[in-house]
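As structure tokens, the structure follows; a few thoughts come after it.
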Amino acid sequence: MSMTITGKVYLVGAGPGDPELLTVRAHNLLRRADLVLHDDLNPPAILALAGPQAAVENVGKRCGKKGVAQEQINARMIEAARRGQEVVRLKSGDPGIFGRLAEEIDALEAAAIPYEVVPGITAGIAAAAAMSASLTDRRKTSRVILVSGHRATKGEPHEKTNWKALAAEDATLVIYMPGNNFAGLRDELLAAGLDTGTPAVLVSRAATPQQQHGSTTLGALDQLPTLESPAILLIGRSLAGVHQRLSAEILALALDETGARVSPL
Ligand code: SAH
């Protein structure tokens, strides 16, 4: 009688980049994994937590080159699990937020591979914390909308983000992959009915030593500096206090401490 030993795939969120913002579960799984398949956004300090037995492979896209195709990543996970390995599929932030988790789950289900999803701190939550911002404020905002600034499928007009359906006075928009066409985004959000004075805060490389930020209001969104990728844009009235604080700092310093020049308003 032959026995099939099946391993397991852990779809793990690594948080925004600071190893201290990993969950204990993510840390434990990294320590004992046989294989770690990670994206580009996972920094060396986190990958270094993998045990000495682990093979660590980057399956993200490097230097703008075409990345490893999703099908190849799926095939690699499945093949390793079938050999009995414990696989950590490490994703930045939370695996279920713009992390292609659904596609990987579908592939694992189809192959009947056991798996588990381990949540992580998503970039938007980390960025808000880094700015000492609350994404909700019972006096102003009662909704948080996590949205991608990019179309899911290029060239499909119906895939364009429907800002009209999202923009509201009582919502905080957390915009992943905000791109760099801030003038276009400003026009869309103003057309959707948001006020020109709505605060906007851009946070680059949140929770890493390279963190930078810029702050402005929606009317002047095009004047935000384009900061290093990855960056995330927070827009909404609950950012008013942060914007005021940052503007005051900038007026005092002309340059903020990270060197990002932001026009005082
Ligand atoms: N699953 C991830 C998101 C992946 S999509 C999460 O939950 O955070 C990649 C986008 O996430 C980037 O374009 C950027 O908008 C955002 N992002 C990821 N890490 C970030 C960081 N440390 N600082 C700011 N934005 C980040």
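Identifiers for the structure tokens are assigned positionally: chains receive A, B, ... in sequence, residues are indexed from 1 per chain, and ligands are indexed from 1 in the order shown.
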
Per residue of region 103-220 of chain A within 12 Å of region 70-75 of chain A, what are the shortest atom pair and its distance in Å to one decimal, counting only C-alpha atoms, with rows by chain and residue number, as JSON lines?
```
{"residue": "A:Glu103", "atom": "CA", "partner": "A:Gln70", "partner_atom": "CA", "distance": 8.3}
{"residue": "A:Glu104", "atom": "CA", "partner": "A:Asn74", "partner_atom": "CA", "distance": 6.2}
{"residue": "A:Ile105", "atom": "CA", "partner": "A:Asn74", "partner_atom": "CA", "distance": 9.1}
{"residue": "A:Asp106", "atom": "CA", "partner": "A:Asn74", "partner_atom": "CA", "distance": 9.5}
{"residue": "A:Ala107", "atom": "CA", "partner": "A:Asn74", "partner_atom": "CA", "distance": 6.4}
{"residue": "A:Leu108", "atom": "CA", "partner": "A:Asn74", "partner_atom": "CA", "distance": 7.5}
{"residue": "A:Glu109", "atom": "CA", "partner": "A:Asn74", "partner_atom": "CA", "distance": 11.0}
{"residue": "A:Ala110", "atom": "CA", "partner": "A:Asn74", "partner_atom": "CA", "distance": 10.7}
{"residue": "A:Ala111", "atom": "CA", "partner": "A:Ala75", "partner_atom": "CA", "distance": 9.6}
{"residue": "A:Ile113", "atom": "CA", "partner": "A:Asn74", "partner_atom": "CA", "distance": 11.0}
```

### Task
Throw together the list of residues within 6 Å of ligand 1, counting only C-alpha atoms and all ligand atoms, and drop it here as a PyMOL selection string.
chain A and resi 16-17+92-95+97-99+122-123+176-177+203-207+230-232

### Task
Using only C-alpha atoms, pick whichever of A:Asn180, A:Asn58, A:Ser238, A:Ser142 has the shortest atom-to-atom distance to Val201 (chain A).
A:Ser238

### Query
Skipping near chain neighbours, those fewer than 6 positions away, what residues fall within 8 Å of region 163-165 of chain A using only C-alpha atoms, listed as a count of residues only?
5

### Query
Which residue out of A:Glu86, A:Asp137, A:Asp170, A:Glu79 has the minimum interatomic distance to Leu11 (chain A) when only C-alpha atoms are used?
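Closest to Leu11 (chain A) of all the choices is A:Glu86.
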
### Message
Need to verify the contact set: Phe182 (chain A), 12 Å, only C-alpha atoms, exclusion of same-chain residues closer than 6 positions in sequence. Can you return it as an MDAnalysis selection string?
### Response
chainID A and resid 149 175 188:190 200 202 216:227 233

### Residue among A:Ser148, A:Asn162, A:Thr196, A:Asp18 lying closest to Gly179 (chain A), counting only C-alpha atoms
A:Ser148
